[in-house]
Amino acid sequence: GANLALEDAVVLARALTTGDLEAYETHRRARAKAVVAAAAANAWKFHLANGLARQAAFGALRLREAMSLGATGKSLSLGWNYDPVTAPP
């Protein structure tokens with residue numbers, strides 16, 4: 001949520017200079033929906049109620065990261081590879 005707010009600030013500032021607030025709203029709505037969907041899809045990995053299952057899942061994630069040279073980070077690239085400075089307003 002905080003990251004989206006920071007992105008909003010940058011993209012909104014750019015949109016205000018052009019006056020195209022409709023494009024801003026369209027772009028940010030799509031971006032927010034994508035981020036929320038990705039977070040929901042990943043939630044099970046980080047919020048398991050059973051402690052043993054949670055530790056097993058974290059171990060699997062650590063093993064995946066170690067064996068695939070960064071695959072876990074790549075799966076989270078939706079948030080990491082977005083640049084609000086160059087994104088459409």
# chains A, B, ... in the order shown; residues from 1 in each chain; ligands from 1
>>> residues_around(residues="segment 13-19 of chain A", least_positions_apart="6", cutoff="10 Å", atoms="only C-alpha atoms", output="ChimeraX atom specification")
/A:7,25,84-89
>>> write_last_selection(atoms="C-alpha atoms", output="compact mmCIF listing (two decimals), in the first residue's frame")
# COMPACT_ATOMS: atom_id res chain seq x y z
CA GLU A 7 3.99 5.74 -7.03
CA GLU A 25 -6.88 7.45 -13.24
CA PRO A 84 6.65 5.74 -11.91
CA VAL A 85 8.88 8.38 -13.48
CA THR A 86 8.61 6.78 -16.92
CA ALA A 87 5.15 5.21 -16.55
CA PRO A 88 2.25 6.71 -18.48
CA PRO A 89 0.54 9.48 -16.47
>>> select_by_dssp(residues="chain A", states="helix (DSSP H, G or I)", output="MDAnalysis selection string")
chainID A and resid 2:18 21:46 51:68 71:75 77:80
>>> closest_residue(among="A:Ala43, A:Val11, A:Leu4, A:Ala66", to="Tyr24 of chain A", atoms="only C-alpha atoms")
A:Val11
